[in-house]
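Asker: Next comes the structure file work-v7.pdb, holding PDB, C-alpha atoms.
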MODEL        1
ATOM      1  CA  THR A   1      54.609  18.112 -44.550
ATOM      2  CA  ILE A   2      57.190  15.848 -46.115
ATOM      3  CA  THR A   3      57.618  16.123 -49.878
ATOM      4  CA  ARG A   4      59.264  13.453 -51.947
ATOM      5  CA  GLY A   5      59.215  14.021 -55.681
ATOM      6  CA  SER A   6      55.630  14.717 -56.622
ATOM      7  CA  GLU A   7      54.248  13.214 -53.399
ATOM      8  CA  SER A   8      53.495  15.093 -50.188
ATOM      9  CA  HIS A   9      52.768  13.454 -46.835
ATOM     10  CA  LEU A  10      51.496  14.957 -43.553
ATOM     11  CA  ALA A  11      53.488  13.772 -40.563
ATOM     12  CA  THR A  12      52.502  14.176 -36.906
ATOM     13  CA  ILE A  13      55.259  14.813 -34.381
ATOM     14  CA  LEU A  14      54.336  13.313 -30.997
ATOM     15  CA  ASN A  15      55.260  15.438 -28.013
ATOM     16  CA  ASP A  16      56.831  13.211 -25.390
ATOM     17  CA  ASP A  17      57.974  15.987 -23.121
ATOM     18  CA  GLY A  18      54.832  15.663 -20.960
ATOM     19  CA  ARG A  19      51.563  13.776 -21.122
ATOM     20  CA  THR A  20      48.098  14.518 -19.802
ATOM     21  CA  ILE A  21      45.252  12.157 -19.027
ATOM     22  CA  THR A  22      41.588  12.970 -18.496
ATOM     23  CA  VAL A  23      38.495  10.947 -17.595
ATOM     24  CA  SER A  24      34.838  11.599 -18.451
ATOM     25  CA  ALA A  25      31.539   9.783 -17.823
ATOM     26  CA  ALA A  26      28.454   9.301 -19.958
ATOM     27  CA  PRO A  27      25.666   9.601 -19.154
ATOM     28  CA  ASN A  28      26.237  11.895 -16.209
ATOM     29  CA  PRO A  29      23.926  12.302 -14.405
ATOM     30  CA  VAL A  30      22.514   8.811 -14.893
ATOM     31  CA  ILE A  31      18.891   7.925 -14.143
ATOM     32  CA  GLU A  32      18.732   4.798 -12.030
ATOM     33  CA  GLY A  33      15.886   3.211 -14.026
ATOM     34  CA  THR A  34      15.991   1.503 -17.403
ATOM     35  CA  ASP A  35      18.509   3.051 -19.801
ATOM     36  CA  PRO A  36      17.768   3.925 -23.475
ATOM     37  CA  SER A  37      19.089   0.512 -24.579
ATOM     38  CA  GLY A  38      16.473  -1.247 -22.475
ATOM     39  CA  ASN A  39      18.803  -2.504 -19.767
ATOM     40  CA  SER A  40      17.011  -2.816 -16.449
ATOM     41  CA  ASN A  41      20.214  -1.694 -14.708
ATOM     42  CA  PRO A  42      21.790   1.142 -16.696
ATOM     43  CA  PHE A  43      25.485   1.408 -17.487
ATOM     44  CA  VAL A  44      27.818   4.349 -17.138
ATOM     45  CA  THR A  45      30.773   4.403 -19.530
ATOM     46  CA  PHE A  46      34.002   6.111 -18.498
ATOM     47  CA  THR A  47      36.483   7.308 -21.108
ATOM     48  CA  ALA A  48      40.121   7.968 -20.272
ATOM     49  CA  GLN A  49      42.111   9.948 -22.865
ATOM     50  CA  LEU A  50      45.906  10.113 -22.993
ATOM     51  CA  PHE A  51      47.754  12.811 -24.936
ATOM     52  CA  PRO A  52      50.124  12.457 -26.574
ATOM     53  CA  ALA A  53      50.187   8.730 -27.184
ATOM     54  CA  LEU A  54      53.192   6.596 -26.408
ATOM     55  CA  LYS A  55      55.589   5.850 -29.247
ATOM     56  CA  THR A  56      56.804   2.678 -27.573
ATOM     57  CA  GLY A  57      56.071   0.621 -24.496
ATOM     58  CA  THR A  58      52.976   0.678 -22.279
ATOM     59  CA  LEU A  59      51.477   2.921 -19.625
ATOM     60  CA  ASN A  60      49.402   1.430 -16.786
ATOM     61  CA  VAL A  61      46.836   3.671 -15.130
ATOM     62  CA  PRO A  62      44.863   2.271 -12.149
ATOM     63  CA  TYR A  63      41.324   3.564 -11.595
ATOM     64  CA  THR A  64      39.053   3.489  -8.545
ATOM     65  CA  LEU A  65      35.411   4.205  -7.768
ATOM     66  CA  VAL A  66      34.807   5.787  -4.369
ATOM     67  CA  ASP A  67      31.516   6.151  -2.501
ATOM     68  CA  GLY A  68      30.050   9.601  -2.089
ATOM     69  CA  THR A  69      26.459   9.432  -0.882
ATOM     70  CA  ALA A  70      25.909   6.327  -3.045
ATOM     71  CA  THR A  71      26.897   2.885  -1.764
ATOM     72  CA  GLY A  72      29.088   0.708  -3.954
ATOM     73  CA  GLY A  73      29.471  -3.053  -3.884
ATOM     74  CA  THR A  74      30.761  -5.963  -5.937
ATOM     75  CA  THR A  75      27.204  -7.021  -6.853
ATOM     76  CA  LEU A  76      23.859  -5.201  -7.033
ATOM     77  CA  THR A  77      22.310  -6.697  -3.908
ATOM     78  CA  GLY A  78      20.760  -5.188  -0.799
ATOM     79  CA  THR A  79      21.353  -1.462  -0.545
ATOM     80  CA  VAL A  80      24.116  -1.326  -3.177
ATOM     81  CA  ASP A  81      23.622   1.564  -5.628
ATOM     82  CA  TYR A  82      26.388   0.800  -8.134
ATOM     83  CA  VAL A  83      29.015  -1.839  -8.900
ATOM     84  CA  ASN A  84      32.303  -0.744  -7.393
ATOM     85  CA  THR A  85      35.142  -2.676  -9.010
ATOM     86  CA  GLY A  86      38.417  -0.913  -9.687
ATOM     87  CA  GLY A  87      40.952  -1.933 -12.271
ATOM     88  CA  THR A  88      43.867  -0.871 -14.442
ATOM     89  CA  LEU A  89      43.844   0.707 -17.891
ATOM     90  CA  GLN A  90      46.799  -0.229 -20.113
ATOM     91  CA  PHE A  91      47.771   2.157 -22.868
ATOM     92  CA  ALA A  92      49.955   0.567 -25.533
ATOM     93  CA  ALA A  93      51.959   2.498 -28.116
ATOM     94  CA  PHE A  94      49.751   4.915 -30.076
ATOM     95  CA  ASP A  95      46.713   4.282 -27.818
ATOM     96  CA  THR A  96      44.912   7.472 -26.849
ATOM     97  CA  THR A  97      41.582   6.201 -25.477
ATOM     98  CA  LYS A  98      40.517   3.506 -23.026
ATOM     99  CA  THR A  99      37.042   2.860 -21.589
ATOM    100  CA  PHE A 100      35.542   1.018 -18.643
ATOM    101  CA  THR A 101      31.986   0.728 -17.314
ATOM    102  CA  THR A 102      29.962   0.320 -14.139
ATOM    103  CA  THR A 103      26.354  -0.711 -13.550
ATOM    104  CA  ILE A 104      23.744   1.297 -11.632
ATOM    105  CA  ALA A 105      21.068  -0.399  -9.530
ATOM    106  CA  ALA A 106      17.493   0.178 -10.709
ATOM    107  CA  ASP A 107      15.980  -0.070  -7.244
ATOM    108  CA  SER A 108      12.471   0.949  -6.195
ATOM    109  CA  LEU A 109      13.456   2.926  -3.099
ATOM    110  CA  TYR A 110      12.363   6.552  -3.017
ATOM    111  CA  GLU A 111      15.531   8.420  -2.022
ATOM    112  CA  ASN A 112      17.698  11.450  -2.601
ATOM    113  CA  ASN A 113      19.912  11.718  -5.670
ATOM    114  CA  GLU A 114      23.246  10.098  -4.843
ATOM    115  CA  ASN A 115      26.797  10.241  -6.146
ATOM    116  CA  PHE A 116      30.153   8.509  -6.343
ATOM    117  CA  VAL A 117      33.618   9.567  -7.508
ATOM    118  CA  VAL A 118      35.793   8.107 -10.276
ATOM    119  CA  SER A 119      39.520   8.674 -10.009
ATOM    120  CA  LEU A 120      42.632   7.711 -11.996
ATOM    121  CA  SER A 121      46.115   7.169 -10.536
ATOM    122  CA  PRO A 122      48.579   7.826 -13.389
ATOM    123  CA  PRO A 123      52.336   7.438 -12.847
ATOM    124  CA  SER A 124      54.572  10.404 -12.207
ATOM    125  CA  GLY A 125      55.256  12.527 -15.221
ATOM    126  CA  VAL A 126      51.639  12.329 -16.422
ATOM    127  CA  THR A 127      49.454  15.337 -15.659
ATOM    128  CA  TYR A 128      46.010  14.323 -14.413
ATOM    129  CA  SER A 129      42.976  16.573 -14.861
ATOM    130  CA  GLY A 130      41.355  15.263 -11.662
ATOM    131  CA  ALA A 131      38.561  13.007 -10.433
ATOM    132  CA  ILE A 132      34.945  13.380 -11.550
ATOM    133  CA  THR A 133      31.690  12.935  -9.662
ATOM    134  CA  VAL A 134      28.855  10.861 -11.119
ATOM    135  CA  THR A 135      25.303  11.647  -9.984
ATOM    136  CA  ILE A 136      22.635   8.933  -9.792
ATOM    137  CA  THR A 137      19.218  10.532 -10.269
ATOM    138  CA  ASP A 138      16.396   8.812  -8.391
ATOM    139  CA  ASP A 139      13.331   7.964 -10.493
ATOM    140  CA  ASP A 140      11.039   6.455  -7.862
ATOM    141  CA  VAL A 141       7.760   7.984  -6.737
ATOM    142  CA  PRO A 142       7.256   8.860  -3.060
ATOM    143  CA  PRO A 143       5.179   6.443  -0.985
ATOM    144  CA  THR A 144       1.653   7.239   0.116
ATOM    145  CA  VAL A 145       0.976   8.240   3.706
ATOM    146  CA  CYS A 146      -1.963   6.509   5.411
ATOM    147  CA  VAL A 147      -3.492   6.649   8.884
ATOM    148  CA  THR A 148      -4.757   3.483  10.570
ATOM    149  CA  SER A 149      -6.857   3.059  13.701
ATOM    150  CA  THR A 150      -8.769   0.609  15.856
ATOM    151  CA  ALA A 151     -12.338   0.652  14.545
ATOM    152  CA  ASN A 152     -14.013   0.510  17.975
ATOM    153  CA  VAL A 153     -12.784   1.251  21.484
ATOM    154  CA  PRO A 154     -14.652   1.195  24.804
ATOM    155  CA  GLU A 155     -15.065   4.489  26.573
ATOM    156  CA  SER A 156     -12.839   3.125  29.346
ATOM    157  CA  VAL A 157      -9.917   2.402  26.975
ATOM    158  CA  GLY A 158      -7.831   5.299  28.282
ATOM    159  CA  ASN A 159      -6.120   5.984  24.937
ATOM    160  CA  ALA A 160      -7.292   5.340  21.391
ATOM    161  CA  PRO A 161      -4.284   4.166  19.327
ATOM    162  CA  PHE A 162      -3.519   5.467  15.830
ATOM    163  CA  TYR A 163      -0.603   4.748  13.494
ATOM    164  CA  ILE A 164       0.734   6.504  10.413
ATOM    165  CA  THR A 165       2.061   4.199   7.704
ATOM    166  CA  LEU A 166       3.833   4.390   4.345
ATOM    167  CA  SER A 167       2.792   2.336   1.339
ATOM    168  CA  ALA A 168       6.468   1.381   0.823
ATOM    169  CA  PRO A 169       9.767   1.927   2.641
ATOM    170  CA  SER A 170      11.441   5.259   1.931
ATOM    171  CA  GLY A 171      15.085   6.169   1.678
ATOM    172  CA  LYS A 172      14.266   9.429   3.434
ATOM    173  CA  ALA A 173      13.092   9.991   6.994
ATOM    174  CA  THR A 174       9.435  11.021   6.673
ATOM    175  CA  ILE A 175       7.984  13.569   9.084
ATOM    176  CA  VAL A 176       4.179  13.647   9.160
ATOM    177  CA  SER A 177       2.006  16.297  10.819
ATOM    178  CA  TYR A 178      -1.333  15.137  12.265
ATOM    179  CA  THR A 179      -4.363  16.393  14.167
ATOM    180  CA  THR A 180      -7.608  14.971  15.566
ATOM    181  CA  VAL A 181     -10.862  15.648  13.693
ATOM    182  CA  ALA A 182     -14.570  15.096  14.357
ATOM    183  CA  GLY A 183     -16.325  12.082  12.900
ATOM    184  CA  SER A 184     -19.866  11.316  11.769
ATOM    185  CA  PRO A 185     -22.799  10.706  12.011
ATOM    186  CA  ASN A 186     -22.480  11.085  15.806
ATOM    187  CA  ALA A 187     -19.434  13.262  16.271
ATOM    188  CA  ALA A 188     -17.493  12.862  19.494
ATOM    189  CA  THR A 189     -16.850  16.194  21.188
ATOM    190  CA  ALA A 190     -13.269  17.349  21.585
ATOM    191  CA  GLY A 191     -12.566  18.222  25.188
ATOM    192  CA  SER A 192     -15.350  16.169  26.742
ATOM    193  CA  ASP A 193     -15.202  12.875  24.834
ATOM    194  CA  TYR A 194     -11.535  12.934  23.805
ATOM    195  CA  THR A 195      -8.529  15.224  24.057
ATOM    196  CA  THR A 196      -7.587  17.283  21.036
ATOM    197  CA  THR A 197      -4.228  15.938  19.887
ATOM    198  CA  ALA A 198      -1.848  17.336  17.270
ATOM    199  CA  GLY A 199       1.847  17.018  16.506
ATOM    200  CA  THR A 200       4.393  15.340  14.266
ATOM    201  CA  VAL A 201       5.773  11.832  14.029
ATOM    202  CA  THR A 202       8.849  10.566  12.177
ATOM    203  CA  ILE A 203       8.951   7.337  10.191
ATOM    204  CA  ALA A 204      12.581   6.265  10.016
ATOM    205  CA  ILE A 205      14.427   5.402   6.792
ATOM    206  CA  GLY A 206      13.472   1.927   5.627
ATOM    207  CA  GLN A 207      10.453   1.678   7.957
ATOM    208  CA  THR A 208       6.769   1.767   7.039
ATOM    209  CA  THR A 209       5.025   2.352  10.377
ATOM    210  CA  SER A 210       5.259   5.118  12.943
ATOM    211  CA  THR A 211       5.285   4.712  16.694
ATOM    212  CA  VAL A 212       1.818   4.682  18.245
ATOM    213  CA  ILE A 213      -0.067   7.986  18.532
ATOM    214  CA  ASN A 214      -2.282   7.811  21.619
ATOM    215  CA  VAL A 215      -5.345  10.053  21.843
ATOM    216  CA  PRO A 216      -6.812  10.212  25.384
ATOM    217  CA  VAL A 217     -10.480   9.171  25.655
ATOM    218  CA  ASN A 218     -12.625  10.569  28.489
ATOM    219  CA  ASP A 219     -14.481   7.900  30.482
ATOM    220  CA  ASP A 220     -17.451   9.996  31.589
ATOM    221  CA  SER A 221     -20.625   8.842  33.361
ATOM    222  CA  THR A 222     -23.101  10.229  30.863
ATOM    223  CA  PRO A 223     -25.171   7.711  28.887
ATOM    224  CA  GLU A 224     -24.758   8.495  25.202
ATOM    225  CA  PRO A 225     -24.718   6.814  21.788
ATOM    226  CA  THR A 226     -21.602   5.565  20.074
ATOM    227  CA  GLU A 227     -19.572   8.584  18.962
ATOM    228  CA  THR A 228     -16.823   8.951  16.382
ATOM    229  CA  PHE A 229     -13.624  10.946  15.939
ATOM    230  CA  GLY A 230     -10.524  10.561  13.786
ATOM    231  CA  LEU A 231      -6.892  11.386  13.210
ATOM    232  CA  GLN A 232      -5.836  13.148  10.010
ATOM    233  CA  ALA A 233      -2.383  13.419   8.412
ATOM    234  CA  THR A 234      -2.215  17.029   7.278
ATOM    235  CA  SER A 235       1.209  17.156   5.621
ATOM    236  CA  ALA A 236       4.381  15.153   5.073
ATOM    237  CA  THR A 237       7.969  15.968   4.188
ATOM    238  CA  ASN A 238       9.856  14.742   1.106
ATOM    239  CA  GLY A 239       6.841  15.010  -1.185
ATOM    240  CA  ASP A 240       5.096  11.975   0.266
ATOM    241  CA  SER A 241       1.434  11.940  -0.768
ATOM    242  CA  THR A 242      -1.248  12.574   1.865
ATOM    243  CA  THR A 243      -4.147  12.719  -0.577
ATOM    244  CA  THR A 244      -5.482   9.183  -0.004
ATOM    245  CA  CYS A 245      -6.341   7.305   3.227
ATOM    246  CA  ASN A 246      -5.072  10.298   5.157
ATOM    247  CA  THR A 247      -7.773  10.065   7.841
ATOM    248  CA  ALA A 248      -8.800   7.118  10.022
ATOM    249  CA  TYR A 249     -11.712   7.054  12.457
ATOM    250  CA  THR A 250     -12.514   5.231  15.685
ATOM    251  CA  ASN A 251     -15.829   4.730  17.432
ATOM    252  CA  ILE A 252     -16.119   5.310  21.184
ATOM    253  CA  ASN A 253     -18.555   2.737  22.570
ATOM    254  CA  ASP A 254     -20.367   4.069  25.631
ATOM    255  CA  ASN A 255     -20.089   2.004  28.827
ATOM    256  CA  ASP A 256     -22.625   3.842  30.993
ATOM    257  CA  GLY A 257     -25.917   2.156  32.016
ATOM    258  CA  HIS A 258     -29.317   3.513  30.998
ATOM    259  CA  THR A 259     -32.053   3.937  33.645
ATOM    260  CA  ILE A 260     -35.725   3.298  32.766
ATOM    261  CA  ASN A 261     -38.253   4.952  35.085
ATOM    262  CA  LEU A 262     -41.805   3.548  35.223
ATOM    263  CA  VAL A 263     -44.438   6.141  36.087
ATOM    264  CA  LEU A 264     -47.892   4.942  37.085
ATOM    265  CA  VAL A 265     -50.349   7.323  35.460
ATOM    266  CA  SER A 266     -53.772   5.620  36.039
ATOM    267  CA  PRO A 267     -55.359   4.325  38.153
ATOM    268  CA  ALA A 268     -54.067   6.228  41.140
ATOM    269  CA  SER A 269     -53.519   2.963  43.053
ATOM    270  CA  THR A 270     -53.290  -0.663  42.134
ATOM    271  CA  THR A 271     -54.322  -3.622  44.224
ATOM    272  CA  VAL A 272     -52.838  -7.037  43.683
ATOM    273  CA  ASN A 273     -54.395 -10.105  45.238
ATOM    274  CA  GLU A 274     -51.990 -12.249  47.168
ATOM    275  CA  GLY A 275     -52.526 -15.301  45.038
ATOM    276  CA  ASN A 276     -52.029 -13.641  41.663
ATOM    277  CA  SER A 277     -49.027 -14.742  39.643
ATOM    278  CA  GLY A 278     -48.593 -11.376  37.981
ATOM    279  CA  PHE A 279     -50.154  -8.057  37.303
ATOM    280  CA  THR A 280     -50.590  -5.675  34.449
ATOM    281  CA  VAL A 281     -50.002  -1.924  34.565
ATOM    282  CA  LEU A 282     -52.222  -0.116  32.097
TER     283      LEU A 282
ENDMDL
END
What is this file in structure tokens?

Answerer:
Amino acid sequence: TITRGSESHLATILNDDGRTITVSAAPNPVIEGTDPSGNSNPFVTFTAQLFPALKTGTLNVPYTLVDGTATGGTTLTGTVDYVNTGGTLQFAAFDTTKTFTTTIAADSLYENNENFVVSLSPPSGVTYSGAITVTITDDDVPPTVCVTSTANVPESVGNAPFYITLSAPSGKATIVSYTTVAGSPNAATAGSDYTTTAGTVTIAIGQTTSTVINVPVNDDSTPEPTETFGLQATSATNGDSTTTCNTAYTNINDNDGHTINLVLVSPASTTVNEGNSGFTVL
């Protein structure tokens, strides 16, 4: 405190023996959807704080954004998760705070939470608290798993093809477990009409359709009606829903001929005159 006459004044002595600089981010984590201000692509604000402030001159501090699991780019196109543009903060005399921002993509891809790193590069003589990691929290719902099939196949088809599909591309590899099931009203019989088939199939990141799942169909010689069986998705990784369209059915159309036997019951014998154009069996 400096006193002059009846007046007293509080003076601050700036320590210029060593300076420190820190950086923080808000919000962190950031949800990739619409932010509280209504922006479709939310912002993250970074605050760099210098202590103590300069008494004269300027201090330039470059900053960079570095990919972690998130992908940066100059514009929010394609698979870019955030705008990655570095720059330089300039602290003038008595400045203690500088801010800069980046924009997060509000995509619709169901994916893991991702991150990137923000780092400052102060000149020598300035103590730096270290880089920080920003987490982007995914807000998209998982796609729905569906099974598709060919509605009708001939008994001689060899294999009945099935596919497992996603309602939208996923940012995660999706592993789906499946098994064959009986159909209705005329259920095909596992073992004699088709081969019981079960396993898993992987739908790659960004894809919506699995490779074909072939279920062997038995081409027997027994005349029979059209029979039905299906393939059911029983579970999926990454929280993908299997509660709707999780079973598809196919009909096996019989290809065996039917024999009709005529049995003459009465009279014991039948005579046909040579000139008759036809005859009637009663």

Asker: Please write the residues picked by the PyMOL selection byres ((chain A and resi 101) around 7) on this file as a VMD selection string.

Answerer: chain A and resid 43 to 46 99 to 100 102 to 103

Asker: Neighbouring residues of A:Pro29 were defined as those with any atom within 7 Å, considering all atoms listed in the file; residues of the same chain fewer than 2 positions away were excluded. Please report them as a count of residues only.

Answerer: 6

Asker: Return the single residue from A:Gly68, A:Pro143, A:Pro62, A:Gly78 that is closest to A:Ser119, with distances computed using only C-alpha atoms.

Answerer: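 Checking each of A:Gly68, A:Pro143, A:Pro62, A:Gly78 against A:Ser119, counting only C-alpha atoms, the winner is A:Pro62.
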
Asker: Expand the PyMOL selection byres ((chain A and resi 130) around 9) into the individual residues it matches in the shown file, reporting them as a list in words.

Answerer: Ile21, Thr22, Val23, Ser119, Leu120, Tyr128, Ser129, Ala131 and Ile132 of chain A

Asker: Which residue, A:Val157, A:Val147, A:Ile203, A:Ala92, has the smallest gap to A:Ala173 when you use all atoms listed in the file?

Answerer: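 Ranking A:Val157, A:Val147, A:Ile203, A:Ala92 by distance to A:Ala173, first place goes to A:Ile203.
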
Asker: Give me, please, the distance in Å between atom CA of A:Asn255 and atom CA of A:Thr196, quoted to one decimal.

Answerer: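 Atom-to-atom, atom CA of A:Asn255 and atom CA of A:Thr196 are spaced 21.2 Å apart.
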
Asker: Starting from the shown file, work through the PyMOL selection byres ((chain A and resi 41) around 7) and note down what comes out as a PyMOL selection string.

Answerer: chain A and resi 33-34+39-40+42-43+103-106

Asker: Given all atoms listed in the file as the basis, pick out the residue of A:Tyr178, A:Phe162, A:Phe229, A:Tyr63 nearest to A:Asp193.

Answerer: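 Once distances to A:Asp193 are computed over all atoms listed in the file, the minimum belongs to A:Phe229.
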
Asker: Taking 6 positions as the minimum chain separation for residues in the same chain, which residues sit within 8 Å of stretch 110-112 of chain A when counting all atoms listed in the file? Answer as a ChimeraX atom specification.

Answerer: /A:137-143,169-172

Asker: Would you mind exporting the chosen residues as a CSV table (one decimal), in the coordinates of the input, restricted to C-alpha atoms?

Answerer:
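What follows is the written file again-v4.csv:
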chain,number,residue,atom,x,y,z
A,137,THR,CA,19.2,10.5,-10.3
A,138,ASP,CA,16.4,8.8,-8.4
A,139,ASP,CA,13.3,8.0,-10.5
A,140,ASP,CA,11.0,6.5,-7.9
A,141,VAL,CA,7.8,8.0,-6.7
A,142,PRO,CA,7.3,8.9,-3.1
A,143,PRO,CA,5.2,6.4,-1.0
A,169,PRO,CA,9.8,1.9,2.6
A,170,SER,CA,11.4,5.3,1.9
A,171,GLY,CA,15.1,6.2,1.7
A,172,LYS,CA,14.3,9.4,3.4

Asker: Determine, counting only C-alpha atoms, which protein, DNA and RNA residues have an atom within 10 Å of an atom of A:Asn251; residues of the same chain fewer than 4 positions away are not included. Present the result as an NGL selection string.

Answerer: :A and (149-155 or 160 or 183-184 or 186-188 or 226-230)

Asker: Considering all atoms listed in the file, can you say which of A:Thr77, A:Asn60, A:Asn218, A:Gln49 comes closest to A:Ser156?

Answerer: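 Between A:Thr77, A:Asn60, A:Asn218, A:Gln49, the residue approaching A:Ser156 most closely is A:Asn218.
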
Asker: Atom CA of A:Asn84 to atom CA of A:Leu65: how many Å, to one decimal?

Answerer: 5.9 Å

Asker: For A:Gly18, work out the shell of residues within 9 Å, counting only C-alpha atoms and skipping chain neighbours fewer than 3 positions away, then give it as a PyMOL selection string.

Answerer: chain A and resi 15+51-52+125-127

Asker: Between atom CA of A:Thr209 and atom CA of A:Cys146, what is the distance in Å, rounded to a tenth?

Answerer: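 Atom CA of A:Cys146 lies at a distance of 9.5 Å from atom CA of A:Thr209.
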
Asker: When you count all atoms listed in the file, which of these residues is closest to A:Thr56: A:Ile175, A:Ala182, A:Val30, A:Ala93?

Answerer: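 Ranked by minimum distance to A:Thr56, first place goes to A:Ala93.
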
Asker: Which is closer to A:Ala248 than all the others in A:Ala26, A:Ala168, A:Val145, A:Ala236, using only C-alpha atoms?

Answerer: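 Nearest to A:Ala248: A:Val145.
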
Asker: Find the spatial neighbours of A:Thr74, counting all atoms listed in the file, within a cut-off of 9 Å - ignore same-chain residues fewer than 4 positions away - and output them as a PyMOL selection string.

Answerer: chain A and resi 80+82-85
